[in-house]
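Okay, so here's the structure we're looking at.
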Amino acid sequence: MEAPRFVFLSLLLLLTASTSSAQLTRGFYNNVCPNVEQIVRAAVTQKFQQTFVTAPATLRLFFHDCFVRGCDASVLIQSPINKAEKDHPDDVSLAGDGFDTVIKAKAAVDRDPKCRNKVSCADILALATRDVVNLVGGPFYNVDLGRRDGRISTLASVQHNLPGPSFKLDQLNTMFNRHGLSQTDMIALSGAHTIGFSHCNRFSNRIYRFSPTTRIDPSLNLQYALQLRQMCPLNVDPRIAINIDPVSPRKFDNQYFKNLQQGKGLFTSDQVLFTDSRSRATVNLFASNEKAFQTAFIDAITKLGKVGVKTGNQGEIRIDCSKAN
């Protein structure tokens, strides 16, 4: 009589093991690297003091990582033949300062003998993202840990997995829903554009050649469109970067949503959040209530940080964040 019960118990143990390993936890490194959060915070703060770009670059890097193969730091992997995620046209504009932030934080963690090669690059990126948001005046939030690093990074996996600047509401919702993120999550995460910047080619069609009959996108505030034309003349240097939030580009606040109310969304995918009646109420709420935006942002970025994570024995702890072990 014992055998079936034994088999049942073994199965039960297996099931609990697989589900519990898939859970990220606050104190994941308590026994191996108890100071990991302070170490990462110090390294990120030092990097941020050197250049403000650290903040938007790290935040965008985290988003691009999580939307392709989950939050597994696969975006950090370099390919000797330029065939990794970071080589895809949608990722080549990821600023080097984001990668450098993770590299510096990883080096700081590994300088502690207890922590060396114990903390994943994926967790370091998740913590660094929280820290940059907080350093530019955004909310502090707790980060659950236990992500493992992916071993695979391909150019092809990026294709059709990142939102484009010309996306409409349905396209945005479809892409975010795929990762278990709601429309409210998507709008809150778009609010990260409050500290973002863009190159002119990402929106030049809105100010020069919107349609055969209309040169300037009618959903764009005309005065703002003319300012953008001054900053982005037709033969502009492709390296020139424009702040997405023209009012307070160095502060993580709700100004982005106030800009949308005035027709000052830089991308179609920004402005559509206000022009489409299905999402307008959320934009209005976030514009009038910064606390509501911050709460929604914390909720959304916490969910984002759990997308497709590898845990337990999946993946690895990468020794060098730029290449699989």
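Identifiers in the structure tokens: chain A, B, ... in order shown; residue index from 1 per chain; ligand index from 1 in order shown.
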**Study point:** Polymer residues at most 9 Å from Phe197 in chain A, only C-alpha atoms, same-chain spacing of 5 or more positions, as a VMD selection string
**Key:** chain A and resid 56 241 to 245 249
Practice item. Name the residues of range 24-162 of chain A that come out as alpha helix (DSSP H) in a backbone DSSP run; write them as a ChimeraX atom specification. Key: /A:36-50,54-67,96-110,121-135
Rows by chain and residue number, range 92-181 of chain A within 12 Å of range 201-208 of chain A, shortest pair, only C-alpha atoms, as JSON lines:
```
{"residue": "A:Ser93", "atom": "CA", "partner": "A:Arg202", "partner_atom": "CA", "distance": 10.6}
{"residue": "A:Gly164", "atom": "CA", "partner": "A:Arg202", "partner_atom": "CA", "distance": 9.0}
{"residue": "A:Pro165", "atom": "CA", "partner": "A:Arg202", "partner_atom": "CA", "distance": 6.7}
{"residue": "A:Ser166", "atom": "CA", "partner": "A:Phe203", "partner_atom": "CA", "distance": 8.3}
{"residue": "A:Phe167", "atom": "CA", "partner": "A:Phe203", "partner_atom": "CA", "distance": 11.8}
```
Just-selected residues, all heavy atoms written as a JSON list (two decimals), in the first residue's frame:
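Here's the written file again.json:
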```json
[["chain", "number", "residue", "atom", "x", "y", "z"],
["A", 93, "SER", "N", 19.80, 51.58, -30.74],
["A", 93, "SER", "CA", 19.74, 52.92, -30.12],
["A", 93, "SER", "C", 19.76, 52.87, -28.59],
["A", 93, "SER", "O", 19.68, 53.90, -27.94],
["A", 93, "SER", "CB", 18.48, 53.66, -30.60],
["A", 93, "SER", "OG", 17.32, 52.96, -30.17],
["A", 164, "GLY", "N", 6.52, 50.07, -31.40],
["A", 164, "GLY", "CA", 7.12, 51.08, -32.27],
["A", 164, "GLY", "C", 6.52, 52.46, -32.02],
["A", 164, "GLY", "O", 5.43, 52.58, -31.47],
["A", 165, "PRO", "N", 7.24, 53.52, -32.42],
["A", 165, "PRO", "CA", 6.77, 54.89, -32.16],
["A", 165, "PRO", "C", 5.49, 55.26, -32.90],
["A", 165, "PRO", "O", 4.83, 56.23, -32.54],
["A", 165, "PRO", "CB", 7.94, 55.76, -32.63],
["A", 165, "PRO", "CG", 8.75, 54.90, -33.55],
["A", 165, "PRO", "CD", 8.55, 53.49, -33.10],
["A", 166, "SER", "N", 5.13, 54.47, -33.91],
["A", 166, "SER", "CA", 3.90, 54.79, -34.66],
["A", 166, "SER", "C", 2.72, 53.90, -34.26],
["A", 166, "SER", "O", 1.67, 53.93, -34.89],
["A", 166, "SER", "CB", 4.15, 54.66, -36.16],
["A", 166, "SER", "OG", 4.60, 53.36, -36.45],
["A", 167, "PHE", "N", 2.90, 53.10, -33.19],
["A", 167, "PHE", "CA", 1.84, 52.19, -32.75],
["A", 167, "PHE", "C", 0.58, 52.94, -32.32],
["A", 167, "PHE", "O", 0.66, 54.00, -31.70],
["A", 167, "PHE", "CB", 2.32, 51.33, -31.57],
["A", 167, "PHE", "CG", 2.95, 50.02, -31.97],
["A", 167, "PHE", "CD1", 3.56, 49.86, -33.20],
["A", 167, "PHE", "CD2", 2.95, 48.94, -31.09],
["A", 167, "PHE", "CE1", 4.14, 48.65, -33.56],
["A", 167, "PHE", "CE2", 3.53, 47.73, -31.43],
["A", 167, "PHE", "CZ", 4.12, 47.58, -32.67]]
```
Review point. Which residues come within 12 Å of range 131-134 of chain A, counting only C-alpha atoms, excluding same-chain residues fewer than 2 positions away, as a VMD selection string?
Key: chain A and resid 37 to 49 51 to 62 97 to 98 101 to 102 105 124 to 129 136 to 143 189 191 to 196 250 to 253 294 297 to 298 301
Exercise for review: Could you tell me how far CA of Ala95 in chain A lies from CA of Asp149 in chain A, in Å and to one decimal?
Suggested key: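 About the pair CA of Ala95 in chain A and CA of Asp149 in chain A: they are 21.0 Å apart.
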Point to revise | Closest of A:Lys310, A:Leu234, A:Ala296, A:Val68 to Asp185 in chain A - atom-to-atom distances counting only C-alpha atoms | key: A:Ala296
Exercise for review: Extract, using only C-alpha atoms, all DNA, RNA and protein residues at most 8 Å from Lys303 in chain A, discarding same-chain residues fewer than 3 positions from it, and format them as a VMD selection string.
Suggested key: chain A and resid 180 to 181 299 to 300 306 to 307
**Study point:** Pick from A:Thr184, A:Thr302, A:Gln255, A:Asn325, whichever lies nearest to Glu290 in chain A using only C-alpha atoms
**Key:**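 Residue with the minimum atom-to-atom distance to Glu290 in chain A: A:Gln255.
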Review point. Do you have the CA of Tyr256 in chain A-CA of Asp170 in chain A distance handy?
Key: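 CA of Asp170 in chain A lies 20.7 Å from CA of Tyr256 in chain A.
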